[in-house]
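> The structure file structure34.pdb (PDB, C-alpha atoms) is provided below.
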ATOM      1  CA  MET V   1     105.084 102.023 144.401
ATOM      2  CA  THR V   2     101.489 103.064 144.324
ATOM      3  CA  TYR V   3      98.589 101.374 142.597
ATOM      4  CA  ARG V   4      98.478 104.167 139.981
ATOM      5  CA  HIS V   5     102.104 103.614 139.108
ATOM      6  CA  TYR V   6     101.516  99.893 138.576
ATOM      7  CA  ALA V   7      98.444 100.651 136.467
ATOM      8  CA  ARG V   8     100.442 103.013 134.224
ATOM      9  CA  VAL V   9     103.263 100.508 133.828
ATOM     10  CA  PHE V  10     100.755  97.743 133.016
ATOM     11  CA  ALA V  11      98.996  99.952 130.419
ATOM     12  CA  PHE V  12     102.316 100.861 128.817
ATOM     13  CA  LEU V  13     103.469  97.234 128.662
ATOM     14  CA  THR V  14     100.131  96.146 127.187
ATOM     15  CA  LEU V  15     100.410  98.803 124.499
ATOM     16  CA  LEU V  16     104.007  97.807 123.807
ATOM     17  CA  LEU V  17     103.037  94.139 123.418
ATOM     18  CA  CYS V  18     100.199  94.982 121.020
ATOM     19  CA  VAL V  19     102.467  97.114 118.862
ATOM     20  CA  SER V  20     105.279  94.568 118.872
ATOM     21  CA  ASP V  21     102.888  91.737 117.887
ATOM     22  CA  ASN V  22     101.684  93.817 114.932
ATOM     23  CA  LEU V  23     105.260  94.647 113.879
ATOM     24  CA  GLN V  24     106.365  91.034 114.177
ATOM     25  CA  ALA V  25     103.435  89.962 112.010
ATOM     26  CA  GLN V  26     104.435  92.528 109.368
ATOM     27  CA  TRP V  27     108.098  91.519 109.515
ATOM     28  CA  GLY V  28     107.112  87.855 109.305
ATOM     29  CA  LYS V  29     105.143  88.541 106.114
ATOM     30  CA  GLN V  30     108.174  90.293 104.613
ATOM     31  CA  ALA V  31     110.478  87.420 105.553
ATOM     32  CA  ARG V  32     108.118  84.819 104.051
ATOM     33  CA  THR V  33     107.621  86.727 100.808
ATOM     34  CA  GLY V  34     111.214  87.925 100.548
ATOM     35  CA  THR V  35     110.109  91.480  99.935
ATOM     36  CA  GLY V  36     111.648  94.632 101.355
ATOM     37  CA  PRO V  37     109.800  97.059 103.577
ATOM     38  CA  ALA V  38     106.069  96.515 103.676
ATOM     39  CA  VAL V  39     104.045  98.610 101.276
ATOM     40  CA  VAL V  40     101.274 100.180 103.266
ATOM     41  CA  ARG V  41      97.914  99.993 101.551
ATOM     42  CA  LEU V  42      95.586 102.774 102.626
ATOM     43  CA  THR V  43      91.843 102.579 102.558
ATOM     44  CA  PRO V  44      90.141 105.294 100.489
ATOM     45  CA  ARG V  45      89.182 107.087 103.700
ATOM     46  CA  GLN V  46      92.759 106.968 104.998
ATOM     47  CA  GLN V  47      94.004 108.264 101.638
ATOM     48  CA  ARG V  48      91.575 111.211 101.766
ATOM     49  CA  ASN V  49      92.670 111.990 105.324
ATOM     50  CA  LEU V  50      96.341 111.819 104.325
ATOM     51  CA  ILE V  51      95.717 114.216 101.444
ATOM     52  CA  LYS V  52      93.848 116.625 103.752
ATOM     53  CA  TYR V  53      96.697 116.465 106.259
ATOM     54  CA  ASN V  54      99.341 117.053 103.590
ATOM     55  CA  GLU V  55      97.391 119.939 102.039
ATOM     56  CA  ALA V  56      96.992 121.588 105.454
ATOM     57  CA  GLY V  57     100.725 121.166 106.004
ATOM     58  CA  ALA V  58     101.505 122.640 102.584
ATOM     59  CA  ILE V  59      99.330 125.678 103.347
ATOM     60  CA  MET V  60     101.163 126.115 106.629
ATOM     61  CA  MET V  61     104.513 125.904 104.811
ATOM     62  CA  MET V  62     103.343 128.509 102.278
ATOM     63  CA  ARG V  63     102.652 130.879 105.178
ATOM     64  CA  THR V  64     105.997 130.006 106.748
ATOM     65  CA  LEU V  65     107.821 130.748 103.498
ATOM     66  CA  HIS V  66     105.941 134.031 103.060
ATOM     67  CA  SER V  67     106.928 135.112 106.567
ATOM     68  CA  ALA V  68     110.534 134.006 106.018
ATOM     69  CA  GLU V  69     110.695 136.023 102.787
ATOM     70  CA  ALA V  70     109.443 139.147 104.581
ATOM     71  CA  THR V  71     112.059 138.682 107.297
ATOM     72  CA  TYR V  72     114.814 138.034 104.763
ATOM     73  CA  GLN V  73     113.891 141.129 102.738
ATOM     74  CA  ALA V  74     113.875 143.332 105.835
ATOM     75  CA  THR V  75     117.221 142.050 107.136
ATOM     76  CA  VAL V  76     120.022 140.372 105.165
ATOM     77  CA  GLY V  77     118.267 140.722 101.801
ATOM     78  CA  ASN V  78     118.617 144.510 101.836
ATOM     79  CA  GLY V  79     115.283 144.877 100.079
ATOM     80  CA  ASP V  80     115.527 141.714  97.941
ATOM     81  CA  TYR V  81     113.850 138.379  98.600
ATOM     82  CA  GLY V  82     115.805 135.150  98.977
ATOM     83  CA  THR V  83     115.909 131.763  97.345
ATOM     84  CA  ILE V  84     114.720 128.786  99.311
ATOM     85  CA  GLU V  85     118.348 127.826  99.953
ATOM     86  CA  GLU V  86     119.155 131.315 101.273
ATOM     87  CA  LEU V  87     116.165 131.172 103.609
ATOM     88  CA  GLY V  88     117.489 127.871 104.947
ATOM     89  CA  LYS V  89     121.033 129.211 105.394
ATOM     90  CA  GLU V  90     119.655 132.085 107.465
ATOM     91  CA  ASN V  91     117.669 129.560 109.592
ATOM     92  CA  LEU V  92     114.393 131.210 108.633
ATOM     93  CA  ILE V  93     112.999 127.792 107.600
ATOM     94  CA  ASP V  94     113.894 124.266 108.655
ATOM     95  CA  TYR V  95     116.389 122.164 106.728
ATOM     96  CA  VAL V  96     113.748 119.871 105.169
ATOM     97  CA  LEU V  97     111.797 122.776 103.705
ATOM     98  CA  ALA V  98     115.090 124.329 102.571
ATOM     99  CA  GLU V  99     115.573 121.197 100.432
ATOM    100  CA  GLY V 100     112.301 122.062  98.699
ATOM    101  CA  HIS V 101     109.907 119.463 100.077
ATOM    102  CA  ARG V 102     107.610 118.882 103.027
ATOM    103  CA  PHE V 103     104.257 117.166 103.735
ATOM    104  CA  GLY V 104     104.297 115.306 100.408
ATOM    105  CA  TYR V 105     104.679 118.563  98.463
ATOM    106  CA  LEU V 106     107.465 120.090  96.404
ATOM    107  CA  PHE V 107     108.094 123.819  96.899
ATOM    108  CA  ARG V 108     109.682 126.245  94.453
ATOM    109  CA  VAL V 109     110.558 129.904  95.050
ATOM    110  CA  ARG V 110     110.954 132.332  92.166
ATOM    111  CA  ARG V 111     112.201 135.825  92.870
ATOM    112  CA  GLU V 112     112.906 139.018  91.015
ATOM    113  CA  LYS V 113     115.510 141.357  92.406
ATOM    114  CA  ARG V 114     114.673 145.019  92.541
ATOM    115  CA  SER V 115     115.936 147.233  89.782
ATOM    116  CA  SER V 116     115.557 150.839  88.744
ATOM    117  CA  GLU V 117     112.357 149.829  86.878
ATOM    118  CA  SER V 118     110.703 147.519  89.418
ATOM    119  CA  GLN V 119     110.451 146.464  93.037
ATOM    120  CA  SER V 120     111.635 143.059  94.191
ATOM    121  CA  SER V 121     109.007 140.308  94.154
ATOM    122  CA  PHE V 122     108.625 136.586  94.700
ATOM    123  CA  GLN V 123     106.274 133.738  93.872
ATOM    124  CA  ILE V 124     106.117 130.444  95.729
ATOM    125  CA  VAL V 125     104.416 127.358  94.334
ATOM    126  CA  ALA V 126     103.722 123.994  95.920
ATOM    127  CA  VAL V 127     102.718 120.910  93.945
ATOM    128  CA  PRO V 128     101.995 117.388  95.222
ATOM    129  CA  ARG V 129     105.010 115.098  95.005
ATOM    130  CA  THR V 130     102.678 112.386  93.685
ATOM    131  CA  TYR V 131      99.319 113.663  92.472
ATOM    132  CA  LEU V 132      96.305 111.982  94.179
ATOM    133  CA  GLN V 133      98.591 110.119  96.578
ATOM    134  CA  THR V 134     100.321 112.874  98.545
ATOM    135  CA  GLY V 135      98.035 115.727  97.539
ATOM    136  CA  ARG V 136      95.385 116.942  95.134
ATOM    137  CA  ARG V 137      95.577 120.742  95.063
ATOM    138  CA  SER V 138      98.474 122.954  94.003
ATOM    139  CA  PHE V 139      99.190 126.228  95.806
ATOM    140  CA  TYR V 140     100.564 129.665  94.899
ATOM    141  CA  ILE V 141     101.496 132.696  97.005
ATOM    142  CA  ASP V 142     103.306 135.904  96.176
ATOM    143  CA  ASP V 143     104.459 138.976  98.073
ATOM    144  CA  THR V 144     100.809 140.060  98.590
ATOM    145  CA  GLY V 145     100.333 137.096 100.973
ATOM    146  CA  VAL V 146      97.203 135.715  99.296
ATOM    147  CA  ILE V 147      97.303 131.942  98.834
ATOM    148  CA  HIS V 148      95.704 130.608  95.652
ATOM    149  CA  ALA V 149      94.734 126.952  95.328
ATOM    150  CA  ALA V 150      93.393 124.702  92.596
ATOM    151  CA  ASP V 151      93.266 121.088  91.539
ATOM    152  CA  LYS V 152      95.646 121.372  88.585
ATOM    153  CA  ASN V 153      96.347 117.635  88.109
ATOM    154  CA  GLY V 154      99.800 118.113  89.631
ATOM    155  CA  VAL V 155     100.693 121.246  87.649
ATOM    156  CA  GLU V 156     101.654 124.518  89.374
ATOM    157  CA  ALA V 157      98.919 126.881  90.562
ATOM    158  CA  ASN V 158      99.178 130.559  89.656
ATOM    159  CA  LEU V 159      97.741 133.992  90.356
ATOM    160  CA  ALA V 160      94.738 133.313  88.090
ATOM    161  CA  ASP V 161      93.509 130.497  90.350
ATOM    162  CA  ASP V 162      90.917 131.162  93.045
ATOM    163  CA  PRO V 163      92.128 132.512  96.373
ATOM    164  CA  LEU V 164      92.084 129.924  99.140
ATOM    165  CA  VAL V 165      89.045 130.167 101.408
ATOM    166  CA  ILE V 166      89.201 128.247 104.655
ATOM    167  CA  ASP V 167      85.807 127.486 106.146
ATOM    168  CA  PRO V 168      85.689 127.520 109.947
TER     169      PRO V 168
END
Write out the structure in this file as structure tokens.

Amino acid sequence: MTYRHYARVFAFLTLLLCVSDNLQAQWGKQARTGTGPAVVRLTPRQQRNLIKYNEAGAIMMMRTLHSAEATYQATVGNGDYGTIEELGKENLIDYVLAEGHRFGYLFRVRREKRSSESQSSFQIVAVPRTYLQTGRRSFYIDDTGVIHAADKNGVEANLADDPLVIDP
């Protein structure tokens, strides 16, 4: 074995020991207090970062759902859009999103089938699972592909809300 190999193994073992000491300390606290899994308390900065992460993930899922709807309409939908369950059955979205949740957000798809009077359409909304803990803003997208976002205190966003602008 070379020196580099030993150095990598030593670094890995050191990291493993640090993590295991932290876990043992957490488990010891649970055993002494008789509580279940430890409740993680986030600092305000960590909470803001978690919300930003979840909101970015929700935006990404809105785009994923929009793309999946376009694919569904052009293929098995025969001109109609699908429900979130149908998108999952066709493997156009992953199984977690097909259950209607991801990144601390709940997703709902509404669709209108085409008729002699109108074209098919859909609306997708995403709301935080727990307002101010998993997310702050609610999101809306329809068949136009424009995402709308607003802080709605956990209520669904809609077409009247401002379009999402992402600053570089």
> Identify which of the residues V:Val125, V:Val165, V:Val96, V:Met60 lies closest to Ile141 (chain V), counting all atoms listed in the file when measuring atom-to-atom distances.
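Once distances to Ile141 (chain V) are computed over all atoms listed in the file, the minimum belongs to V:Val125.
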> Find the distance between CA of Tyr140 (chain V) and CA of Ala126 (chain V) and write it in Å to one decimal.
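We find that CA of Tyr140 (chain V) and CA of Ala126 (chain V) lie 6.6 Å from each other.
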> Hey, which of V:His101, V:Val127, V:Gln133, V:Leu87 ends up closest to Gln46 (chain V)? Count only C-alpha atoms.
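Smallest distance to Gln46 (chain V) is found for V:Gln133.
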> CA of Val109 (chain V) and CA of Ile84 (chain V) are how many Å apart?
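Atom-to-atom, CA of Val109 (chain V) to CA of Ile84 (chain V), that is 6.1 Å.
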> I'd like to know which of V:Phe139, V:Tyr131, V:Tyr81, V:Phe103 is closest to Ala68 (chain V), using all atoms listed in the file.
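Ranking V:Phe139, V:Tyr131, V:Tyr81, V:Phe103 by distance to Ala68 (chain V), first place goes to V:Tyr81.
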> On this file, the PyMOL selection byres ((chain V and resi 59) around 12) gives some set of residues; write that set as an MDAnalysis selection string.
chainID V and resid 52:58 60:66 102:105 107 124:128 135 137:141 145:149 164:166
> CA of Glu69 (chain V) to CA of Asn153 (chain V): how many Å, to one decimal?
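Spanning CA of Glu69 (chain V) to CA of Asn153 (chain V) is a straight-line distance of 27.6 Å.
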> Using the chain letters and numbering of this document, enumerate as an NGL selection string the residues selected by the PyMOL selection byres ((chain V and resi 73) around 12).
:V and (66-72 or 74-83 or 86-87 or 90 or 92 or 111-114 or 119-122 or 143)
> Kindly reconstruct region 104-129 of chain V with N, CA, C and O atoms and present the result as a CSV table (one decimal), keeping the file's coordinate frame.

chain,number,residue,atom,x,y,z
V,104,GLY,N,104.7,115.9,101.7
V,104,GLY,CA,104.3,115.3,100.4
V,104,GLY,C,104.2,116.3,99.3
V,104,GLY,O,103.6,116.0,98.2
V,105,TYR,N,104.7,117.5,99.5
V,105,TYR,CA,104.7,118.6,98.5
V,105,TYR,C,106.1,119.0,98.1
V,105,TYR,O,107.0,118.9,98.9
V,106,LEU,N,106.2,119.5,96.9
V,106,LEU,CA,107.5,120.1,96.4
V,106,LEU,C,107.3,121.6,96.3
V,106,LEU,O,106.2,122.1,95.8
V,107,PHE,N,108.2,122.4,96.8
V,107,PHE,CA,108.1,123.8,96.9
V,107,PHE,C,109.2,124.5,96.0
V,107,PHE,O,110.3,124.0,96.0
V,108,ARG,N,108.8,125.5,95.3
V,108,ARG,CA,109.7,126.2,94.5
V,108,ARG,C,109.5,127.7,94.7
V,108,ARG,O,108.4,128.2,94.7
V,109,VAL,N,110.6,128.5,94.9
V,109,VAL,CA,110.6,129.9,95.0
V,109,VAL,C,111.2,130.6,93.8
V,109,VAL,O,112.3,130.2,93.4
V,110,ARG,N,110.4,131.5,93.3
V,110,ARG,CA,111.0,132.3,92.2
V,110,ARG,C,111.0,133.8,92.7
V,110,ARG,O,110.1,134.2,93.3
V,111,ARG,N,112.1,134.5,92.4
V,111,ARG,CA,112.2,135.8,92.9
V,111,ARG,C,112.7,136.7,91.8
V,111,ARG,O,113.4,136.3,90.9
V,112,GLU,N,112.4,138.0,91.9
V,112,GLU,CA,112.9,139.0,91.0
V,112,GLU,C,113.6,140.0,91.9
V,112,GLU,O,112.9,140.6,92.8
V,113,LYS,N,114.8,140.3,91.6
V,113,LYS,CA,115.5,141.4,92.4
V,113,LYS,C,115.0,142.7,92.0
V,113,LYS,O,114.6,142.9,90.8
V,114,ARG,N,115.1,143.7,92.9
V,114,ARG,CA,114.7,145.0,92.5
V,114,ARG,C,115.7,145.6,91.6
V,114,ARG,O,116.8,145.3,91.5
V,115,SER,N,115.1,146.5,90.8
V,115,SER,CA,115.9,147.2,89.8
V,115,SER,C,115.4,148.7,89.7
V,115,SER,O,114.5,149.0,90.4
V,116,SER,N,116.0,149.4,88.9
V,116,SER,CA,115.6,150.8,88.7
V,116,SER,C,114.1,150.9,88.2
V,116,SER,O,113.4,151.9,88.4
V,117,GLU,N,113.7,149.8,87.5
V,117,GLU,CA,112.4,149.8,86.9
V,117,GLU,C,111.3,149.1,87.7
V,117,GLU,O,110.1,149.4,87.6
V,118,SER,N,111.7,148.3,88.7
V,118,SER,CA,110.7,147.5,89.4
V,118,SER,C,111.2,147.2,90.8
V,118,SER,O,112.4,147.2,91.1
V,119,GLN,N,110.2,146.9,91.7
V,119,GLN,CA,110.5,146.5,93.0
V,119,GLN,C,110.8,145.0,93.0
V,119,GLN,O,110.5,144.3,92.1
V,120,SER,N,111.4,144.5,94.1
V,120,SER,CA,111.6,143.1,94.2
V,120,SER,C,110.3,142.3,94.4
V,120,SER,O,109.4,142.9,95.0
V,121,SER,N,110.2,141.1,94.0
V,121,SER,CA,109.0,140.3,94.2
V,121,SER,C,109.4,138.8,94.2
V,121,SER,O,110.5,138.4,93.9
V,122,PHE,N,108.4,138.0,94.7
V,122,PHE,CA,108.6,136.6,94.7
V,122,PHE,C,107.3,135.9,94.5
V,122,PHE,O,106.2,136.4,94.7
V,123,GLN,N,107.4,134.6,94.0
V,123,GLN,CA,106.3,133.7,93.9
V,123,GLN,C,106.7,132.4,94.4
V,123,GLN,O,107.8,132.0,94.2
V,124,ILE,N,105.8,131.8,95.2
V,124,ILE,CA,106.1,130.4,95.7
V,124,ILE,C,105.0,129.5,95.3
V,124,ILE,O,103.8,129.9,95.3
V,125,VAL,N,105.4,128.4,94.7
V,125,VAL,CA,104.4,127.4,94.3
V,125,VAL,C,104.7,126.1,95.1
V,125,VAL,O,105.8,125.8,95.4
V,126,ALA,N,103.6,125.3,95.3
V,126,ALA,CA,103.7,124.0,95.9
V,126,ALA,C,102.9,123.0,95.1
V,126,ALA,O,101.7,123.3,94.8
V,127,VAL,N,103.5,121.9,94.7
V,127,VAL,CA,102.7,120.9,93.9
V,127,VAL,C,102.9,119.6,94.7
V,127,VAL,O,103.9,119.3,95.3
V,128,PRO,N,101.9,118.7,94.6
V,128,PRO,CA,102.0,117.4,95.2
V,128,PRO,C,103.2,116.6,94.6
V,128,PRO,O,103.4,116.6,93.4
V,129,ARG,N,103.9,115.9,95.5
V,129,ARG,CA,105.0,115.1,95.0
V,129,ARG,C,104.5,114.0,94.1
V,129,ARG,O,105.0,113.7,93.0
